[in-house]
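Student: Input my_file_10.txt, format and content: compact mmCIF, C-alpha atoms and all ligand atoms.
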# COMPACT_ATOMS: atom_id res chain seq x y z
CA MET A 119 0.00 0.00 0.00
CA THR A 120 1.32 3.43 -0.86
CA ASP A 121 -1.46 5.52 0.67
CA PHE A 122 0.82 6.71 3.47
CA LEU A 123 3.17 8.48 1.04
CA GLN A 124 1.06 11.64 1.00
CA THR A 125 -0.16 11.57 4.61
CA LEU A 126 2.28 9.99 7.09
CA SER A 127 5.90 10.67 7.93
CA HIS A 128 8.07 8.10 6.22
CA ARG A 129 11.56 7.46 4.95
CA ARG A 130 12.36 7.04 1.27
CA PHE A 131 15.41 5.20 0.01
CA ASN A 132 17.77 6.66 -2.59
CA PRO A 133 19.09 3.60 -4.47
CA LEU A 134 21.54 5.75 -6.43
CA ARG A 135 23.43 6.73 -3.26
CA GLY A 136 22.28 4.12 -0.76
CA GLU A 137 20.87 6.82 1.56
CA TRP A 138 17.52 7.69 3.12
CA VAL A 139 15.49 10.90 3.29
CA LEU A 140 12.80 11.65 5.88
CA VAL A 141 9.57 12.92 4.29
CA SER A 142 7.01 14.72 6.49
CA PRO A 143 4.04 15.51 4.20
CA HIS A 144 1.76 16.82 6.96
CA ARG A 145 4.19 19.66 7.61
CA ALA A 146 3.34 21.09 4.19
CA GLN A 147 -0.43 20.68 4.33
CA ARG A 148 -1.03 24.34 4.84
CA PRO A 149 -2.37 25.54 1.47
CA TRP A 150 0.07 26.61 -1.19
CA ARG A 151 -0.17 30.36 -1.39
CA GLY A 152 0.99 30.60 -4.97
CA GLN A 153 3.91 32.61 -6.08
CA VAL A 154 5.27 34.88 -3.40
CA GLU A 155 7.06 37.68 -5.09
CA ALA A 156 10.64 38.26 -4.21
CA ALA A 157 12.18 41.66 -4.16
CA THR A 158 12.69 41.86 -7.92
CA PRO A 159 16.42 42.02 -8.56
CA ALA A 160 17.65 44.92 -10.59
CA PRO A 161 18.14 43.91 -14.24
CA LEU A 162 21.75 43.14 -15.10
CA PRO A 163 23.65 45.07 -17.78
CA VAL A 164 24.65 43.27 -21.00
CA HIS A 165 28.26 44.10 -20.17
CA GLU A 166 29.51 44.80 -16.64
CA PRO A 167 32.75 46.75 -16.44
CA GLY A 168 35.03 45.04 -13.92
CA CYS A 169 33.39 41.60 -14.36
CA TYR A 170 36.25 39.11 -14.77
CA LEU A 171 34.04 36.95 -17.02
CA CYS A 172 33.00 39.66 -19.47
CA PRO A 173 34.78 40.05 -22.84
CA GLY A 174 37.74 42.42 -22.76
CA GLU A 175 37.81 42.64 -18.95
CA LEU A 176 40.77 41.95 -16.67
CA ARG A 177 41.06 38.68 -14.77
CA ALA A 178 42.62 38.14 -11.35
CA ASN A 179 45.86 36.86 -12.85
CA GLY A 180 46.29 40.09 -14.83
CA GLU A 181 45.28 38.60 -18.19
CA ARG A 182 42.65 40.35 -20.23
CA ASN A 183 39.78 38.28 -21.64
CA PRO A 184 39.58 38.35 -25.45
CA LEU A 185 36.57 39.99 -27.08
CA PHE A 186 34.91 36.59 -27.34
CA GLU A 187 31.50 35.78 -28.80
CA GLY A 188 29.52 32.85 -27.42
CA VAL A 189 31.34 30.31 -25.27
CA TYR A 190 34.74 31.08 -23.73
CA VAL A 191 36.87 28.64 -21.69
CA PHE A 192 39.90 29.40 -19.54
CA ASP A 193 41.88 27.82 -16.68
CA ASN A 194 40.60 28.90 -13.27
CA ASP A 195 42.89 31.58 -11.82
CA PHE A 196 42.22 30.21 -8.33
CA ALA A 197 42.22 26.52 -9.20
CA ALA A 198 41.31 24.14 -6.36
CA LEU A 199 43.19 21.42 -8.24
CA ARG A 200 46.48 21.86 -10.02
CA PRO A 201 48.53 19.62 -12.28
CA GLU A 202 50.99 18.56 -9.57
CA ASN A 203 53.49 15.93 -10.66
CA ARG A 204 54.01 14.57 -7.20
CA VAL A 205 52.25 11.39 -6.13
CA ASP A 206 52.49 11.14 -2.38
CA GLU A 207 50.47 10.04 0.61
CA PHE A 208 50.80 9.24 4.25
CA ASN A 209 48.82 6.99 6.50
CA ASP A 210 49.56 7.15 10.20
CA ASP A 211 47.66 4.37 11.94
CA GLY A 212 44.58 4.85 9.75
CA LEU A 213 43.80 7.96 11.75
CA PHE A 214 45.82 10.52 9.87
CA VAL A 215 45.43 9.82 6.16
CA ALA A 216 46.15 12.19 3.27
CA ARG A 217 47.04 12.02 -0.38
CA VAL A 218 48.28 14.55 -2.94
CA GLU A 219 45.46 15.35 -5.35
CA SER A 220 46.08 16.75 -8.81
CA GLY A 221 43.78 17.92 -11.54
CA VAL A 222 42.50 20.68 -13.76
CA CYS A 223 40.02 23.48 -13.08
CA ARG A 224 38.46 25.43 -15.91
CA VAL A 225 35.80 28.09 -16.16
CA VAL A 226 33.31 28.03 -19.04
CA CYS A 227 31.53 31.30 -19.84
CA PHE A 228 28.24 30.33 -21.46
CA SER A 229 27.93 33.65 -23.25
CA SER A 230 29.63 36.97 -23.77
CA ARG A 231 26.50 38.56 -22.33
CA HIS A 232 26.59 39.28 -18.62
CA ASP A 233 22.79 39.37 -18.26
CA LEU A 234 21.83 35.96 -19.66
CA THR A 235 21.08 32.65 -17.95
CA LEU A 236 20.62 29.18 -19.44
CA SER A 237 16.87 29.84 -19.39
CA ARG A 238 17.24 33.07 -21.37
CA MET A 239 19.76 31.74 -23.90
CA GLU A 240 18.79 30.38 -27.32
CA THR A 241 18.79 26.58 -27.49
CA ARG A 242 21.38 26.65 -30.29
CA ASP A 243 23.71 28.67 -28.03
CA ILE A 244 23.24 26.24 -25.12
CA ARG A 245 24.10 23.51 -27.60
CA ARG A 246 27.53 25.15 -28.04
CA VAL A 247 28.00 24.91 -24.27
CA VAL A 248 27.06 21.21 -24.34
CA ASP A 249 29.65 20.67 -27.09
CA VAL A 250 32.30 22.35 -24.93
CA TRP A 251 31.37 20.02 -22.02
CA ARG A 252 31.63 16.97 -24.28
CA ASN A 253 34.99 18.04 -25.71
CA ALA A 254 36.40 18.85 -22.27
CA TYR A 255 35.29 15.47 -20.93
CA VAL A 256 37.05 13.71 -23.82
CA GLU A 257 40.18 15.86 -23.78
CA ILE A 258 40.79 16.15 -20.04
CA GLY A 259 39.40 12.70 -19.25
CA ALA A 260 41.99 11.13 -21.58
CA ARG A 261 44.84 12.38 -19.40
CA GLU A 262 46.77 9.77 -17.46
CA ASN A 263 46.12 11.31 -14.03
CA ILE A 264 42.43 12.23 -14.47
CA ARG A 265 39.83 9.81 -13.13
CA TYR A 266 36.78 12.03 -12.99
CA VAL A 267 35.57 15.15 -14.83
CA GLN A 268 32.99 17.02 -12.73
CA ILE A 269 31.08 19.72 -14.60
CA PHE A 270 28.84 21.94 -12.46
CA GLU A 271 27.10 25.28 -12.33
CA ASN A 272 26.41 27.30 -9.17
CA ARG A 273 23.76 29.84 -9.95
CA GLY A 274 22.57 32.66 -7.74
CA ALA A 275 24.04 34.50 -4.78
CA THR A 276 22.20 32.21 -2.35
CA MET A 277 24.23 29.31 -3.75
CA GLY A 278 27.41 31.25 -3.16
CA ALA A 279 27.93 31.99 -6.84
CA SER A 280 30.49 34.75 -6.87
CA ASN A 281 29.42 36.29 -10.16
CA PRO A 282 26.06 36.39 -12.00
CA HIS A 283 27.78 36.16 -15.40
CA PRO A 284 26.48 32.85 -16.86
CA HIS A 285 29.23 30.30 -16.39
CA CYS A 286 30.06 26.87 -15.05
CA GLN A 287 33.14 25.11 -13.80
CA ILE A 288 34.96 21.96 -14.74
CA TRP A 289 36.94 20.30 -11.95
CA ALA A 290 38.79 17.22 -13.13
CA SER A 291 40.55 15.21 -10.44
CA SER A 292 43.01 12.35 -10.01
CA SER A 293 40.56 10.63 -7.64
CA ILE A 294 36.94 9.69 -8.18
CA PRO A 295 35.04 12.07 -5.83
CA ASP A 296 32.75 10.66 -3.14
CA GLU A 297 29.40 11.40 -4.81
CA ALA A 298 30.46 9.72 -8.06
CA ALA A 299 32.00 6.84 -6.08
CA LYS A 300 28.72 6.24 -4.21
CA GLU A 301 26.72 6.23 -7.42
CA ASP A 302 29.29 3.96 -9.04
CA ARG A 303 28.95 1.34 -6.29
CA ALA A 304 25.15 1.56 -6.24
CA GLN A 305 24.84 1.19 -10.02
CA ALA A 306 27.37 -1.66 -10.15
CA ASP A 307 25.61 -3.50 -7.30
CA PHE A 308 22.25 -3.09 -8.98
CA LEU A 309 23.54 -4.53 -12.27
CA ALA A 310 25.16 -7.44 -10.45
CA ARG A 311 22.03 -8.24 -8.44
CA ARG A 312 19.32 -7.57 -11.02
CA GLY A 313 21.09 -7.95 -14.35
CA SER A 314 19.79 -4.56 -15.51
CA CYS A 315 20.65 -0.86 -15.22
CA LEU A 316 19.35 1.02 -12.17
CA LEU A 317 18.42 4.23 -14.01
CA CYS A 318 17.04 2.40 -17.10
CA ASP A 319 14.70 0.47 -14.81
CA TYR A 320 13.88 3.56 -12.75
CA LEU A 321 13.14 5.74 -15.79
CA ALA A 322 10.90 3.04 -17.29
CA ARG A 323 8.82 3.02 -14.12
CA GLU A 324 8.67 6.83 -13.86
CA SER A 325 7.75 7.18 -17.55
CA ALA A 326 4.85 4.79 -17.06
CA ALA A 327 3.64 6.41 -13.82
CA ARG A 328 4.24 10.05 -14.98
CA GLU A 329 3.54 11.23 -11.43
CA ARG A 330 7.00 12.66 -10.93
CA LEU A 331 7.79 13.38 -14.61
CA VAL A 332 8.23 17.12 -15.26
CA CYS A 333 9.01 17.23 -18.99
CA GLU A 334 10.80 15.22 -21.66
CA ASN A 335 12.00 15.15 -25.26
CA ASP A 336 13.29 12.38 -27.56
CA ALA A 337 16.51 11.83 -25.61
CA PHE A 338 16.00 13.08 -22.02
CA ALA A 339 13.41 13.05 -19.25
CA VAL A 340 13.25 15.31 -16.19
CA ILE A 341 12.08 13.60 -13.00
CA VAL A 342 11.59 14.84 -9.45
CA PRO A 343 13.14 11.69 -8.00
CA PHE A 344 11.10 9.60 -5.56
CA TRP A 345 13.94 10.17 -3.06
CA ALA A 346 14.44 13.92 -3.71
CA VAL A 347 15.95 15.81 -0.78
CA TRP A 348 15.77 19.41 -2.00
CA PRO A 349 12.24 20.83 -2.45
CA PHE A 350 12.41 21.12 -6.24
CA GLU A 351 15.30 18.76 -6.91
CA THR A 352 15.23 17.14 -10.34
CA THR A 353 17.28 14.56 -12.20
CA VAL A 354 17.73 14.78 -15.98
CA ILE A 355 18.03 11.20 -17.19
CA ALA A 356 19.16 10.07 -20.66
CA LYS A 357 16.56 7.85 -22.34
CA ARG A 358 19.26 5.77 -24.04
CA HIS A 359 21.69 3.79 -21.93
CA PHE A 360 25.21 5.24 -22.08
CA GLY A 361 27.69 6.42 -19.46
CA GLY A 362 30.25 8.89 -20.81
CA LEU A 363 29.79 12.29 -22.44
CA ASN A 364 31.95 10.94 -25.29
CA GLU A 365 28.97 8.71 -26.13
CA LEU A 366 26.53 11.61 -26.33
CA ALA A 367 25.34 11.59 -29.96
CA ASN A 368 24.90 14.87 -31.84
CA ASP A 369 21.11 14.76 -31.77
CA GLU A 370 21.29 13.96 -28.05
CA ALA A 371 23.54 16.98 -27.47
CA GLY A 372 20.84 19.14 -29.07
CA ALA A 373 18.15 17.43 -26.99
CA PHE A 374 20.19 18.01 -23.82
CA ALA A 375 20.39 21.76 -24.62
CA ASP A 376 16.63 21.78 -25.26
CA ILE A 377 15.78 20.10 -21.96
CA LEU A 378 18.16 22.38 -19.98
CA LYS A 379 16.47 25.47 -21.39
CA ARG A 380 12.97 24.15 -20.76
CA LEU A 381 13.72 23.02 -17.20
CA THR A 382 15.50 26.22 -16.15
CA THR A 383 12.65 28.29 -17.63
CA ARG A 384 10.16 26.29 -15.55
CA TYR A 385 12.30 26.96 -12.50
CA ASP A 386 12.44 30.71 -13.17
CA ASN A 387 8.67 30.88 -13.77
CA LEU A 388 7.85 28.93 -10.61
CA PHE A 389 8.70 31.88 -8.36
CA SER A 390 8.79 34.65 -11.00
CA ALA A 391 12.46 35.13 -10.24
CA PRO A 392 15.86 33.91 -11.44
CA PHE A 393 15.99 30.53 -9.69
CA PRO A 394 19.17 29.65 -7.79
CA TYR A 395 20.52 26.11 -7.99
CA THR A 396 23.54 23.89 -8.13
CA MET A 397 23.47 21.81 -11.27
CA GLY A 398 25.95 19.08 -12.16
CA LEU A 399 26.54 16.41 -14.77
CA HIS A 400 27.25 12.83 -13.78
CA PRO A 401 29.00 11.04 -16.63
CA SER A 402 30.99 7.86 -15.99
CA PRO A 403 34.56 8.09 -14.61
CA THR A 404 37.47 8.41 -17.01
CA ASP A 405 40.03 6.17 -15.27
CA GLY A 406 40.13 3.55 -18.01
CA PRO A 407 37.86 0.57 -17.27
CA ALA A 408 34.45 0.27 -18.93
CA TYR A 409 31.43 1.36 -16.88
CA PRO A 410 28.59 -0.74 -18.33
CA HIS A 411 26.48 -0.08 -15.23
CA TRP A 412 26.78 3.74 -15.39
CA HIS A 413 23.85 5.72 -16.80
CA PHE A 414 24.44 9.35 -17.80
CA HIS A 415 22.35 11.92 -15.91
CA ALA A 416 22.44 15.40 -14.39
CA HIS A 417 21.21 16.74 -11.03
CA PHE A 418 19.57 20.05 -10.21
CA TYR A 419 19.64 20.97 -6.50
CA PRO A 420 17.70 24.22 -5.95
CA PRO A 421 17.47 25.46 -2.34
CA LEU A 422 14.24 27.47 -2.60
CA LEU A 423 11.32 26.23 -0.52
CA ARG A 424 8.09 28.20 -0.72
CA SER A 425 9.04 31.46 -2.36
CA ALA A 426 12.03 33.23 -3.73
CA THR A 427 12.82 34.46 -0.24
CA VAL A 428 12.36 31.22 1.75
CA ARG A 429 15.16 28.74 1.29
CA LYS A 430 15.94 25.38 2.75
CA PHE A 431 19.00 24.90 4.93
CA MET A 432 20.51 21.56 5.79
CA VAL A 433 20.87 22.09 9.53
CA GLY A 434 19.93 20.47 12.81
CA TYR A 435 18.46 17.03 12.20
CA GLU A 436 19.89 17.00 8.68
CA MET A 437 23.46 17.52 9.81
CA LEU A 438 23.16 14.99 12.60
CA ALA A 439 20.70 12.38 11.33
CA SER A 440 19.35 12.50 7.77
CA PRO A 441 17.98 14.95 5.22
CA GLN A 442 14.32 15.84 5.62
CA ARG A 443 11.66 17.41 3.42
CA ASP A 444 8.09 18.63 3.95
CA MET A 445 6.35 18.92 0.59
CA THR A 446 6.35 15.56 -1.19
CA PRO A 447 8.29 15.03 -4.44
CA GLU A 448 4.92 14.35 -6.13
CA ALA A 449 3.62 17.79 -5.14
CA ALA A 450 6.83 19.44 -6.34
CA ALA A 451 6.60 17.61 -9.68
CA GLU A 452 3.03 18.82 -10.12
CA MET A 453 4.08 22.43 -9.52
CA LEU A 454 6.98 22.17 -11.96
CA ARG A 455 4.68 20.55 -14.54
CA THR A 456 2.23 23.46 -14.36
CA SER A 457 5.04 26.02 -14.52
CA SER A 458 5.43 27.42 -18.06
CA GLU A 459 8.27 26.63 -20.47
CA THR A 460 8.10 30.12 -21.94
CA PHE A 461 8.52 33.56 -20.41
CA GLY A 462 5.33 35.61 -20.37
ZN ZN A 501 30.20 39.55 -16.94
ZN ZN A 502 20.79 2.58 -18.16
ZN ZN A 503 24.30 11.41 -9.98
Please go through the file and, once you have read it, give me the structure as structure tokens.
Ligand SMILES: [Zn+2]
Ligand SMILES: [Zn+2]
Ligand SMILES: [Zn+2]

Tutor:
Amino acid sequence: MTDFLQTLSHRRFNPLRGEWVLVSPHRAQRPWRGQVEAATPAPLPVHEPGCYLCPGELRANGERNPLFEGVYVFDNDFAALRPENRVDEFNDDGLFVARVESGVCRVVCFSSRHDLTLSRMETRDIRRVVDVWRNAYVEIGARENIRYVQIFENRGATMGASNPHPHCQIWASSSIPDEAAKEDRAQADFLARRGSCLLCDYLARESAARERLVCENDAFAVIVPFWAVWPFETTVIAKRHFGGLNELANDEAGAFADILKRLTTRYDNLFSAPFPYTMGLHPSPTDGPAYPHWHFHAHFYPPLLRSATVRKFMVGYEMLASPQRDMTPEAAAEMLRTSSETFG
């Protein structure tokens, strides 16, 4: 029986990470009050003098950006990972363990325009960004010391994004990071136990039920996952089974751009405001072996709760016990489904 899912407190299992989330539907039973307007942010200029991501402006390392059009990629001036040659570690009694980590950090400007977002860009221009992601995954992932290429976008001041200029980051590391490692184990275990792919099976069930499906095209579907932690968390899942960005076909790259624009527009329209989020791609690792169990997908983790001014924090119980949510994923999916894919 699933009748308790909308009425009683319960835990839901995330099979992709092997973790649980506490869902408390009754805490959100007060009626939805519709869009609560945020203080409308002042419109951004097309070009912001002093912005280190704008064409022709000065960067922190003293270099001047070229007068680029469209996408522009450069090495992060404050890289968290650097191409160290040294391989070294220590392990003192299993209590003091550390390892040298090397890698590459790049910044990808989506556009020369300071005032755009993925939602406001043309699909063909987002497609150029997707091509840059695919090329970077292939080029950096081929390096001897790179085991994972993490592509992510932090959008909005509430997410700690330091600059509203539309951009993302690529952090490629000599280790497989924890989140990817968890998903790797979960997907490999699922294939070993069930003889099928976790996300292929999951997407087939969600596509039939449609309860948590937000939108889709020929190659991708957007789901509010059954185990979503963040209020309007979504997962963009490839309809075809493949793991690496190198396997993303040209028509799929176009479809990925299309679904990113449609989803981010729905987000913006939900609260009539530019919607903050952390978004990241999860392609398979690049350390050499095949990853037949890995299914390409992307996560959106937006922190907003009930309006553009009320955000969720992971504190208290969530830091000490487990993540918790009030509104159910089904209710969030319904709201995202009714949110428009065009700007009015
Ligand atoms: Zn700028
Ligand atoms: Zn699959
Ligand atoms: Zn993932």

Student: What's around range 235-239 of chain A at 6 Å? Count all atoms listed in the file, leave out sequence neighbours fewer than 3 positions away in its own chain, and write the answer as a count of residues only.

Tutor: 4

Student: When distances are computed from only C-alpha atoms and all ligand atoms, which of A:His232, A:Arg182, A:His400, A:Lys357 shows the smallest separation from ligand ZN 502 (chain A)?

Tutor: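 Of the candidates, the smallest distance to ligand ZN 502 (chain A) is held by A:Lys357.
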
Student: Hey, which residues come within 9 Å of ligand ZN 501 (chain A) if we count only C-alpha atoms and all ligand atoms? Could you give them as number ranges by chain?

Tutor: A: 163-173, 175, 227, 229-233, 281-284

Student: How far is it from CA of Leu126 in chain A to CA of Pro447 in chain A, in Å with one decimal?

Tutor: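 Separating CA of Leu126 in chain A from CA of Pro447 in chain A is a distance of 13.9 Å.
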
Student: Each residue of chain A with at least one atom at most 7 Å from ligand ZN 502 (chain A) should appear once, together with its nearest atom pair and the corresponding distance in Å (one decimal); atoms considered: all atoms listed in the file; ordering: chain, then increasing residue number; output as a tab-separated table.

Tutor:
residue	atom	partner	partner_atom	distance
A:Cys315	CA	A:ZN502	ZN	4.5
A:Leu316	CA	A:ZN502	ZN	6.4
A:Leu317	CA	A:ZN502	ZN	5.1
A:Cys318	CA	A:ZN502	ZN	3.9
A:Arg358	CA	A:ZN502	ZN	6.9
A:His359	CA	A:ZN502	ZN	4.1
A:Phe360	CA	A:ZN502	ZN	6.5
A:His411	CA	A:ZN502	ZN	6.9
A:Trp412	CA	A:ZN502	ZN	6.7
A:His413	CA	A:ZN502	ZN	4.6

Student: Which polymer residues, protein or nucleic acid, are no farther than 7 Å from (38.2, 15.2, -9.8), counting all atoms listed in the file, as a PyMOL selection string?

Tutor: chain A and resi 221+264-268+289-295

Student: Using all atoms listed in the file, which residues sit within 8 Å of Arg135 in chain A once same-chain residues fewer than 2 positions away are excluded, as a PyMOL selection string?

Tutor: chain A and resi 132-133+137+297+300-301+304

Student: One decimal, in Å: what's the spacing between CA of Glu329 in chain A and CA of Val354 in chain A?

Tutor: 15.3 Å

Student: Residues proximal to (8.4, 18.7, -16.9) were defined as those with any atom within 7 Å of that point in the file's coordinates, counting only C-alpha atoms. Which are they, as a PyMOL selection string?

Tutor: chain A and resi 331-334+340+381+454-455

Student: Return the single residue from A:Asp211, A:Gly174, A:Thr276, A:Ala408 that is closest to Phe393 in chain A, with distances computed using all atoms listed in the file.

Tutor: A:Thr276

Student: What does the structure give for the distance between CA of Asp376 in chain A and CA of Ala326 in chain A, in Å to one decimal?

Tutor: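 Spanning CA of Asp376 in chain A to CA of Ala326 in chain A is a straight-line distance of 22.2 Å.
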
Student: Could you list, as a PyMOL selection string, every residue within 8 Å of Ser220 in chain A, counting all atoms listed in the file and ignoring same-chain residues fewer than 5 positions away?

Tutor: chain A and resi 199-203+263+291-292

Student: Of the candidates A:Ala450, A:Leu213, A:Val225, A:Ile244, which one gets nearest to Ala375 in chain A if we count only C-alpha atoms?

Tutor: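 Closest to Ala375 in chain A, using only C-alpha atoms: A:Ile244.
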
Student: Using only C-alpha atoms, can you tell me which of A:Pro392, A:Cys286, A:Gly136, A:Arg323 comes closest to Ala160 in chain A?

Tutor: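 When distances to Ala160 in chain A are compared using only C-alpha atoms, the smallest one comes from A:Pro392.
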
Student: Looking at A:Tyr435, A:Tyr385, A:Phe374, A:Phe270, which one is nearest to ligand ZN 503 (chain A), with distances taken over all atoms listed in the file?

Tutor: A:Phe270

Student: Using all atoms listed in the file for the distances, tell me which of A:Leu378, A:Met277, A:Ala346, A:Ala310 is nearest to Leu422 in chain A.

Tutor: A:Met277

Student: List the spatial neighbours of Cys223 in chain A as JSON, numbers by chain - criterion: any atom at most 6 Å away, all atoms listed in the file, same-chain residues fewer than 3 positions off excluded.

Tutor: {"A": [193, 194, 197, 288, 289]}
